[in-house]
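Peer 1: What follows is the file run_35.pdb, containing PDB, C-alpha atoms:
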ATOM      1  CA  MET A   1     105.320 121.839 161.339
ATOM      2  CA  LYS A   2     108.450 121.014 163.295
ATOM      3  CA  HIS A   3     110.132 117.672 162.692
ATOM      4  CA  THR A   4     110.889 115.806 165.902
ATOM      5  CA  PRO A   5     112.046 112.397 164.710
ATOM      6  CA  GLY A   6     112.092 109.497 167.115
ATOM      7  CA  SER A   7     114.921 107.995 165.096
ATOM      8  CA  LEU A   8     116.805 108.628 161.882
ATOM      9  CA  GLU A   9     114.510 106.239 160.024
ATOM     10  CA  THR A  10     111.106 107.590 161.026
ATOM     11  CA  ARG A  11     109.851 111.057 161.773
ATOM     12  CA  ILE A  12     107.068 112.741 163.658
ATOM     13  CA  ILE A  13     106.088 116.261 162.636
ATOM     14  CA  ARG A  14     104.413 118.351 165.323
ATOM     15  CA  SER A  15     102.740 121.739 165.259
ATOM     16  CA  THR A  16     100.786 123.849 167.746
ATOM     17  CA  VAL A  17      97.855 125.923 166.529
ATOM     18  CA  ASP A  18      98.445 129.687 166.825
ATOM     19  CA  TRP A  19      96.127 132.652 166.283
ATOM     20  CA  SER A  20      96.559 132.524 162.491
ATOM     21  CA  SER A  21      95.171 128.982 162.316
ATOM     22  CA  ALA A  22      92.599 128.956 165.137
ATOM     23  CA  GLY A  23      89.082 128.651 163.701
ATOM     24  CA  LEU A  24      90.193 126.962 160.479
ATOM     25  CA  THR A  25      89.357 123.387 159.635
ATOM     26  CA  LEU A  26      92.239 120.957 159.979
ATOM     27  CA  ALA A  27      92.232 120.273 156.223
ATOM     28  CA  ASP A  28      92.223 123.986 155.334
ATOM     29  CA  MET A  29      95.080 124.752 157.709
ATOM     30  CA  LEU A  30      97.249 121.932 156.357
ATOM     31  CA  ALA A  31      96.544 122.747 152.707
ATOM     32  CA  GLY A  32      97.178 126.461 153.233
ATOM     33  CA  ARG A  33     100.449 126.113 155.121
ATOM     34  CA  PHE A  34     101.939 122.973 153.631
ATOM     35  CA  THR A  35     101.361 123.239 149.913
ATOM     36  CA  TYR A  36     103.351 120.172 148.887
ATOM     37  CA  ARG A  37      99.993 118.335 149.207
ATOM     38  CA  SER A  38      96.568 119.421 147.934
ATOM     39  CA  ARG A  39      93.575 119.739 150.249
ATOM     40  CA  SER A  40      92.143 116.432 149.053
ATOM     41  CA  GLU A  41      95.496 114.743 149.657
ATOM     42  CA  TRP A  42      95.595 116.128 153.203
ATOM     43  CA  CYS A  43      92.040 114.853 153.724
ATOM     44  CA  ASN A  44      93.194 111.386 152.708
ATOM     45  CA  ARG A  45      96.097 111.614 155.174
ATOM     46  CA  ILE A  46      93.758 112.621 157.975
ATOM     47  CA  ASP A  47      91.282 109.839 157.136
ATOM     48  CA  SER A  48      94.107 107.287 157.063
ATOM     49  CA  GLY A  49      95.016 108.106 160.664
ATOM     50  CA  GLU A  50      98.425 109.646 159.905
ATOM     51  CA  ILE A  51      97.366 112.936 161.535
ATOM     52  CA  THR A  52      96.037 113.360 165.071
ATOM     53  CA  VAL A  53      94.952 116.373 167.129
ATOM     54  CA  ASN A  54      95.654 116.367 170.856
ATOM     55  CA  ASP A  55      96.646 112.692 170.580
ATOM     56  CA  HIS A  56      93.245 111.672 169.177
ATOM     57  CA  ALA A  57      92.020 110.691 165.743
ATOM     58  CA  ALA A  58      90.802 113.659 163.712
ATOM     59  CA  VAL A  59      88.516 114.414 160.764
ATOM     60  CA  PRO A  60      89.235 116.892 157.922
ATOM     61  CA  GLU A  61      86.467 119.338 158.911
ATOM     62  CA  MET A  62      87.471 119.513 162.577
ATOM     63  CA  ILE A  63      87.638 123.154 163.724
ATOM     64  CA  LEU A  64      91.000 123.933 165.272
ATOM     65  CA  GLN A  65      91.295 125.685 168.632
ATOM     66  CA  LEU A  66      94.160 127.797 169.886
ATOM     67  CA  HIS A  67      97.019 125.639 171.255
ATOM     68  CA  ASP A  68      95.704 122.400 169.740
ATOM     69  CA  ARG A  69      98.558 119.949 169.150
ATOM     70  CA  ILE A  70      98.760 118.477 165.659
ATOM     71  CA  GLU A  71     100.929 115.419 165.037
ATOM     72  CA  TYR A  72     101.718 113.992 161.614
ATOM     73  CA  ARG A  73     103.464 110.675 161.011
ATOM     74  CA  PRO A  74     104.229 110.679 157.278
ATOM     75  CA  GLY A  75     104.872 107.335 155.723
ATOM     76  CA  ASP A  76     105.635 107.901 152.086
ATOM     77  CA  ILE A  77     106.710 111.465 151.296
ATOM     78  CA  VAL A  78     108.938 111.317 148.234
ATOM     79  CA  GLU A  79     111.893 113.575 148.943
ATOM     80  CA  PRO A  80     113.011 115.924 146.171
ATOM     81  CA  PRO A  81     116.612 115.524 144.978
ATOM     82  CA  ALA A  82     119.313 117.437 146.841
ATOM     83  CA  ASP A  83     123.069 117.927 146.676
ATOM     84  CA  LEU A  84     124.350 115.663 149.466
ATOM     85  CA  ASN A  85     128.045 116.390 148.851
ATOM     86  CA  TYR A  86     128.913 118.446 151.907
ATOM     87  CA  LYS A  87     132.548 118.793 153.036
ATOM     88  CA  ILE A  88     134.052 118.653 156.502
ATOM     89  CA  VAL A  89     136.833 121.244 156.447
ATOM     90  CA  PHE A  90     137.774 121.097 160.148
ATOM     91  CA  GLU A  91     136.993 118.737 162.997
ATOM     92  CA  THR A  92     137.739 118.396 166.701
ATOM     93  CA  GLY A  93     136.280 116.100 169.304
ATOM     94  CA  ASP A  94     133.455 118.580 169.882
ATOM     95  CA  LEU A  95     133.134 120.694 166.755
ATOM     96  CA  LEU A  96     132.686 120.528 162.976
ATOM     97  CA  VAL A  97     133.235 123.173 160.319
ATOM     98  CA  ILE A  98     131.151 122.256 157.286
ATOM     99  CA  ASP A  99     131.115 123.589 153.734
ATOM    100  CA  LYS A 100     127.490 123.123 152.648
ATOM    101  CA  PRO A 101     126.449 122.834 148.986
ATOM    102  CA  GLY A 102     123.835 125.193 147.581
ATOM    103  CA  ASN A 103     120.923 122.761 147.293
ATOM    104  CA  LEU A 104     120.674 121.137 150.697
ATOM    105  CA  CYS A 105     118.319 121.864 153.611
ATOM    106  CA  MET A 106     119.981 122.046 156.997
ATOM    107  CA  HIS A 107     117.005 120.727 158.998
ATOM    108  CA  PRO A 108     114.048 118.499 158.111
ATOM    109  CA  ALA A 109     111.300 120.660 156.618
ATOM    110  CA  GLY A 110     108.360 120.001 154.328
ATOM    111  CA  PRO A 111     109.176 116.947 152.197
ATOM    112  CA  PHE A 112     112.858 116.919 153.224
ATOM    113  CA  PHE A 113     114.058 114.520 155.921
ATOM    114  CA  LYS A 114     116.910 112.233 154.914
ATOM    115  CA  HIS A 115     117.986 114.726 152.256
ATOM    116  CA  THR A 116     119.105 117.208 154.920
ATOM    117  CA  LEU A 117     122.457 118.126 156.402
ATOM    118  CA  TRP A 118     121.091 117.323 159.869
ATOM    119  CA  HIS A 119     120.247 113.744 158.877
ATOM    120  CA  LEU A 120     123.539 113.203 157.048
ATOM    121  CA  LEU A 121     125.602 114.434 160.002
ATOM    122  CA  CYS A 122     123.561 112.659 162.689
ATOM    123  CA  SER A 123     123.880 109.403 160.750
ATOM    124  CA  LYS A 124     127.662 109.745 160.926
ATOM    125  CA  TYR A 125     128.351 111.589 164.188
ATOM    126  CA  GLY A 126     125.300 111.096 166.389
ATOM    127  CA  ASP A 127     123.900 114.121 168.236
ATOM    128  CA  ILE A 128     124.449 117.314 166.199
ATOM    129  CA  HIS A 129     123.647 120.940 167.119
ATOM    130  CA  PHE A 130     124.107 123.710 164.551
ATOM    131  CA  ILE A 131     125.735 126.911 165.828
ATOM    132  CA  ASN A 132     124.725 128.997 162.801
ATOM    133  CA  ARG A 133     122.313 128.370 159.934
ATOM    134  CA  LEU A 134     122.112 128.837 156.186
ATOM    135  CA  ASP A 135     119.114 128.808 153.870
ATOM    136  CA  ARG A 136     118.682 125.728 151.674
ATOM    137  CA  GLU A 137     120.019 127.483 148.542
ATOM    138  CA  THR A 138     122.857 129.274 150.358
ATOM    139  CA  SER A 139     126.217 127.519 150.178
ATOM    140  CA  GLY A 140     129.283 127.808 152.357
ATOM    141  CA  LEU A 141     130.637 127.602 155.866
ATOM    142  CA  LEU A 142     128.792 126.810 159.071
ATOM    143  CA  LEU A 143     129.540 125.412 162.527
ATOM    144  CA  ALA A 144     128.064 122.388 164.262
ATOM    145  CA  ALA A 145     128.659 121.042 167.764
ATOM    146  CA  LYS A 146     128.836 117.295 168.376
ATOM    147  CA  ASN A 147     127.245 117.555 171.801
ATOM    148  CA  ARG A 148     124.907 119.769 173.770
ATOM    149  CA  SER A 149     127.569 121.054 176.173
ATOM    150  CA  CYS A 150     129.715 122.432 173.327
ATOM    151  CA  ALA A 151     126.673 124.056 171.712
ATOM    152  CA  LYS A 152     125.786 125.633 175.062
ATOM    153  CA  LEU A 153     129.264 127.176 175.358
ATOM    154  CA  PHE A 154     128.890 128.866 171.987
ATOM    155  CA  THR A 155     125.435 130.134 172.888
ATOM    156  CA  GLN A 156     126.445 131.498 176.285
ATOM    157  CA  LYS A 157     129.616 133.232 175.118
ATOM    158  CA  ASN A 158     128.380 134.425 171.703
ATOM    159  CA  THR A 159     131.720 133.409 170.228
ATOM    160  CA  VAL A 160     131.007 133.624 166.479
ATOM    161  CA  SER A 161     132.705 136.940 165.744
ATOM    162  CA  ALA A 162     132.542 137.366 161.962
ATOM    163  CA  LYS A 163     130.373 136.124 159.124
ATOM    164  CA  LYS A 164     131.228 137.265 155.613
ATOM    165  CA  TYR A 165     129.338 136.346 152.468
ATOM    166  CA  LEU A 166     129.802 136.684 148.722
ATOM    167  CA  VAL A 167     126.661 137.546 146.794
ATOM    168  CA  ILE A 168     125.918 138.307 143.142
ATOM    169  CA  VAL A 169     123.258 140.964 142.570
ATOM    170  CA  HIS A 170     121.545 142.653 139.653
ATOM    171  CA  GLY A 171     122.710 146.225 138.984
ATOM    172  CA  ASP A 172     125.873 148.277 139.451
ATOM    173  CA  PHE A 173     126.390 148.226 143.200
ATOM    174  CA  PRO A 174     128.100 151.193 144.932
ATOM    175  CA  ASP A 175     131.731 150.799 146.004
ATOM    176  CA  GLU A 176     130.690 150.559 149.661
ATOM    177  CA  LEU A 177     127.394 150.790 151.536
ATOM    178  CA  THR A 178     126.425 150.294 155.176
ATOM    179  CA  ALA A 179     122.808 149.352 155.793
ATOM    180  CA  ASP A 180     121.824 150.032 159.402
ATOM    181  CA  GLY A 181     118.072 149.827 159.804
ATOM    182  CA  PHE A 182     115.182 147.440 160.350
ATOM    183  CA  LEU A 183     113.632 144.283 158.910
ATOM    184  CA  SER A 184     109.875 143.811 158.917
ATOM    185  CA  SER A 185     107.124 142.097 156.942
ATOM    186  CA  SER A 186     107.041 143.146 153.303
ATOM    187  CA  GLY A 187     103.287 142.850 152.909
ATOM    188  CA  SER A 188     103.792 140.292 150.154
ATOM    189  CA  ILE A 189     101.351 137.423 149.639
ATOM    190  CA  ILE A 190     104.350 135.265 150.564
ATOM    191  CA  ARG A 191     104.135 135.570 154.336
ATOM    192  CA  LYS A 192     107.790 134.941 155.149
ATOM    193  CA  LYS A 193     109.106 137.642 152.814
ATOM    194  CA  ARG A 194     110.715 140.601 154.584
ATOM    195  CA  GLN A 195     111.759 144.147 153.722
ATOM    196  CA  PHE A 196     114.545 146.445 154.930
ATOM    197  CA  THR A 197     114.070 150.114 155.823
ATOM    198  CA  PHE A 198     116.495 152.655 157.237
ATOM    199  CA  ALA A 199     113.670 154.227 159.260
ATOM    200  CA  MET A 200     112.011 152.368 162.114
ATOM    201  CA  PRO A 201     108.654 150.891 161.000
ATOM    202  CA  ASP A 202     105.528 152.466 162.452
ATOM    203  CA  ALA A 203     104.395 149.283 164.161
ATOM    204  CA  PRO A 204     105.897 145.961 165.307
ATOM    205  CA  PRO A 205     106.996 143.340 164.674
ATOM    206  CA  PHE A 206     110.393 144.399 163.372
ATOM    207  CA  GLU A 207     114.066 143.753 164.111
ATOM    208  CA  SER A 208     117.165 145.895 163.869
ATOM    209  CA  ALA A 209     119.586 144.818 161.130
ATOM    210  CA  SER A 210     123.103 145.880 160.213
ATOM    211  CA  THR A 211     125.104 144.825 157.143
ATOM    212  CA  LYS A 212     128.249 146.244 155.549
ATOM    213  CA  PHE A 213     128.558 145.804 151.786
ATOM    214  CA  LYS A 214     131.580 146.210 149.517
ATOM    215  CA  CYS A 215     131.499 145.821 145.743
ATOM    216  CA  LEU A 216     134.299 143.570 144.493
ATOM    217  CA  ARG A 217     133.544 143.507 140.776
ATOM    218  CA  ARG A 218     130.949 144.662 138.240
ATOM    219  CA  SER A 219     130.251 143.065 134.877
ATOM    220  CA  LYS A 220     127.406 143.261 132.355
ATOM    221  CA  GLY A 221     124.687 144.351 134.726
ATOM    222  CA  LEU A 222     125.775 142.173 137.653
ATOM    223  CA  SER A 223     127.868 142.967 140.723
ATOM    224  CA  LEU A 224     129.840 140.674 142.996
ATOM    225  CA  VAL A 225     129.459 142.008 146.537
ATOM    226  CA  LYS A 226     130.984 141.109 149.906
ATOM    227  CA  ALA A 227     128.523 141.307 152.802
ATOM    228  CA  GLU A 228     129.581 141.378 156.455
ATOM    229  CA  LEU A 229     126.888 140.793 159.046
ATOM    230  CA  GLY A 230     126.605 143.009 162.091
ATOM    231  CA  THR A 231     123.428 141.195 163.134
ATOM    232  CA  GLY A 232     122.161 137.746 162.214
ATOM    233  CA  ARG A 233     118.537 138.035 161.139
ATOM    234  CA  MET A 234     116.440 135.741 158.961
ATOM    235  CA  HIS A 235     116.908 136.579 155.244
ATOM    236  CA  GLN A 236     118.961 139.625 156.286
ATOM    237  CA  ILE A 237     121.280 139.896 153.270
ATOM    238  CA  ARG A 238     118.686 138.933 150.665
ATOM    239  CA  ALA A 239     115.918 141.164 152.025
ATOM    240  CA  THR A 240     118.250 144.126 152.520
ATOM    241  CA  LEU A 241     119.700 143.950 149.018
ATOM    242  CA  ASN A 242     116.284 143.574 147.437
ATOM    243  CA  SER A 243     114.961 146.610 149.309
ATOM    244  CA  LEU A 244     118.034 148.618 148.284
ATOM    245  CA  GLY A 245     117.265 147.901 144.629
ATOM    246  CA  PHE A 246     119.896 145.215 144.043
ATOM    247  CA  PRO A 247     118.029 141.878 144.053
ATOM    248  CA  VAL A 248     120.075 138.702 144.409
ATOM    249  CA  ALA A 249     120.613 136.823 141.134
ATOM    250  CA  GLY A 250     118.999 133.396 141.079
ATOM    251  CA  ASP A 251     116.768 134.248 144.043
ATOM    252  CA  LYS A 252     113.135 133.293 143.456
ATOM    253  CA  LEU A 253     111.859 135.144 146.536
ATOM    254  CA  TYR A 254     114.124 138.216 146.758
ATOM    255  CA  GLY A 255     115.126 138.388 143.105
ATOM    256  CA  LEU A 256     113.641 140.202 140.146
ATOM    257  CA  ASP A 257     110.192 138.602 140.428
ATOM    258  CA  GLU A 258     108.694 136.975 143.538
ATOM    259  CA  ASN A 259     106.174 135.138 141.333
ATOM    260  CA  LEU A 260     109.036 132.853 140.368
ATOM    261  CA  TYR A 261     108.990 131.582 143.961
ATOM    262  CA  LEU A 262     105.327 130.588 143.593
ATOM    263  CA  LYS A 263     105.972 129.033 140.184
ATOM    264  CA  GLN A 264     108.877 127.001 141.575
ATOM    265  CA  ARG A 265     106.710 125.644 144.398
ATOM    266  CA  SER A 266     104.131 124.441 141.881
ATOM    267  CA  ASP A 267     106.855 123.155 139.512
ATOM    268  CA  GLU A 268     105.860 125.596 136.773
ATOM    269  CA  LEU A 269     109.154 127.357 136.050
ATOM    270  CA  THR A 270     109.757 127.735 132.315
ATOM    271  CA  ASP A 271     113.027 127.912 130.393
ATOM    272  CA  ALA A 272     112.441 131.657 130.077
ATOM    273  CA  ASP A 273     112.061 131.910 133.865
ATOM    274  CA  ARG A 274     115.321 130.050 134.392
ATOM    275  CA  ALA A 275     117.105 132.316 131.939
ATOM    276  CA  LYS A 276     115.800 135.320 133.872
ATOM    277  CA  LEU A 277     117.151 133.880 137.119
ATOM    278  CA  ILE A 278     120.625 133.363 135.541
ATOM    279  CA  TYR A 279     121.642 130.919 138.274
ATOM    280  CA  SER A 280     119.878 127.697 139.264
ATOM    281  CA  ARG A 281     119.863 128.833 142.907
ATOM    282  CA  GLN A 282     120.322 132.053 144.837
ATOM    283  CA  ALA A 283     123.833 133.430 144.356
ATOM    284  CA  LEU A 284     124.739 133.691 148.047
ATOM    285  CA  HIS A 285     127.763 132.006 149.636
ATOM    286  CA  SER A 286     129.077 131.958 153.209
ATOM    287  CA  ALA A 287     132.723 132.675 152.398
ATOM    288  CA  GLU A 288     134.363 133.383 155.757
ATOM    289  CA  LEU A 289     133.624 132.350 159.322
ATOM    290  CA  SER A 290     135.579 133.418 162.398
ATOM    291  CA  TRP A 291     135.065 132.615 166.030
ATOM    292  CA  CYS A 292     136.802 132.655 169.383
ATOM    293  CA  ASP A 293     137.236 129.179 170.802
ATOM    294  CA  PRO A 294     135.167 129.259 174.033
ATOM    295  CA  GLU A 295     137.697 127.100 175.887
ATOM    296  CA  THR A 296     141.103 128.291 174.581
ATOM    297  CA  SER A 297     140.198 131.854 173.464
ATOM    298  CA  GLU A 298     142.015 131.122 170.194
ATOM    299  CA  ILE A 299     140.636 132.951 167.147
ATOM    300  CA  ARG A 300     139.888 130.541 164.314
ATOM    301  CA  THR A 301     139.086 131.666 160.766
ATOM    302  CA  PHE A 302     138.074 129.561 157.780
ATOM    303  CA  THR A 303     137.372 130.622 154.221
ATOM    304  CA  SER A 304     135.573 129.029 151.301
ATOM    305  CA  PRO A 305     135.918 130.129 147.655
ATOM    306  CA  LEU A 306     132.946 130.980 145.479
ATOM    307  CA  PRO A 307     131.628 127.583 144.261
ATOM    308  CA  ALA A 308     131.883 126.553 140.636
ATOM    309  CA  GLU A 309     128.201 127.107 139.771
ATOM    310  CA  LEU A 310     128.541 130.767 140.849
ATOM    311  CA  ALA A 311     132.174 131.409 139.891
ATOM    312  CA  GLY A 312     131.591 130.723 136.187
ATOM    313  CA  GLY A 313     130.487 133.278 133.632
ATOM    314  CA  GLU A 314     131.145 136.909 134.483
ATOM    315  CA  PHE A 315     133.193 136.174 137.614
ATOM    316  CA  ALA A 316     135.191 133.166 136.406
ATOM    317  CA  SER A 317     138.551 134.814 137.087
ATOM    318  CA  PHE A 318     137.544 136.439 140.375
ATOM    319  CA  SER A 319     140.005 136.500 143.270
ATOM    320  CA  GLU A 320     139.578 138.882 146.176
TER     321      GLU A 320
END
Transcribe the structure of this file into structure tokens.
Peer 2:
Amino acid sequence: MKHTPGSLETRIIRSTVDWSSAGLTLADMLAGRFTYRSRSEWCNRIDSGEITVNDHAAVPEMILQLHDRIEYRPGDIVEPPADLNYKIVFETGDLLVIDKPGNLCMHPAGPFFKHTLWHLLCSKYGDIHFINRLDRETSGLLLAAKNRSCAKLFTQKNTVSAKKYLVIVHGDFPDELTADGFLSSSGSIIRKKRQFTFAMPDAPPFESASTKFKCLRRSKGLSLVKAELGTGRMHQIRATLNSLGFPVAGDKLYGLDENLYLKQRSDELTDADRAKLIYSRQALHSAELSWCDPETSEIRTFTSPLPAELAGGEFASFSE
């Protein structure tokens, strides 16, 4: 569901039924897609009137039709803890450069609303539009516009010219590697998981993807790698590295074992699982961001060092 809050204190979550959900009961669809509540809990939410379909009261066993509009007004979702200590590293009247911590959602999603970068920034600055995005567990630099007109300039002129990341992977990574190929569904039971192939997949959907990798240091079965994006696709770095045989350390989805992702969602990770992950979150950091100012044509570049929770251990003394 997409959060479309009417204010910063309350939220409305809306979703439109697509082909994958048409024909399911409302309760089955909600329980299957939004696993932070059980089916019986979703039934209680529907019965309480918190969920409507096409602006009308619904029942749990209602059969969904294509393009039905589902609206959820949650009243008491307990938000999981998050790292709210973001940093503003540069600011103008129209633009923000933010250094995001590695356990903070950018946008409201699932149980997260106030514990998101969007909510924190809107509470302070008003209307906020992100120019680029990072996954919840990815730390580092990103851009946000303070108004719609500034965001539109960046979109029209495609001004973000360079995005460079630091990532820690399992294995001894080659000195340099360029991955020009395609991203497509991995066939995993986790629907959002993707895979990278050099050859074009036999059937859509797929997207082209290009990433340049350079190994900066190797130590005790891990490698610190710099990744430079040629394209900006969802999960591009993580999916590409996993498919190349160098899964990202700390990554539950694209790491050594995707079952850890399922165990995390059900709060079943053991101490042994955490030891296997090495890091408490995926070891991916947005380290450098460059863009051409759409009004002045000035090139601006900002860098962010590897954060403390990733820079310890094998790469404590790292400097590029």
Peer 1: Counting all atoms listed in the file, which residue out of A:Thr138, A:Thr10, A:Thr197, A:Thr303 sits closest to Lys114 in chain A?
Peer 2: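 Counting all atoms listed in the file, the residue closest to Lys114 in chain A is A:Thr10.
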Peer 1: With the file shown as input, list the residues that the PyMOL selection byres ((chain A and resi 262) around 12) selects, as a ChimeraX atom specification.
Peer 2: /A:35-36,188-191,252-253,257-261,263-269,273
Peer 1: Here is a test: counting only C-alpha atoms, which residue of A:Pro108, A:Cys122, A:Ala27, A:Glu91 is nearest to Leu8 in chain A?
Peer 2: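 Residue with the minimum atom-to-atom distance to Leu8 in chain A: A:Cys122.
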Peer 1: With all atoms listed in the file as the counted atoms, please give the residues lying no more than 12 Å from Glu41 in chain A, apart from itself and same-chain residues fewer than 2 positions off, as JSON, numbers by chain.
Peer 2: {"A": [27, 28, 30, 31, 34, 35, 36, 37, 38, 39, 43, 44, 45, 46, 47, 48, 50, 60, 77]}
Peer 1: I'd like the neighbourhood of range 282-296 of chain A as a PyMOL selection string, where a residue qualifies if any of its atoms comes within 8 Å (using all atoms listed in the file), though same-chain residues fewer than 4 positions away should be ignored.
Peer 2: chain A and resi 137-142+153-154+157+159-169+248-252+300-307+310
Peer 1: Which one is closest to Thr92 in chain A: A:Ser223, A:Asn147, A:Ser210, A:Thr52? Count all atoms listed in the file.
Peer 2: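 Checking each candidate against Thr92 in chain A, we get A:Asn147 as the closest.
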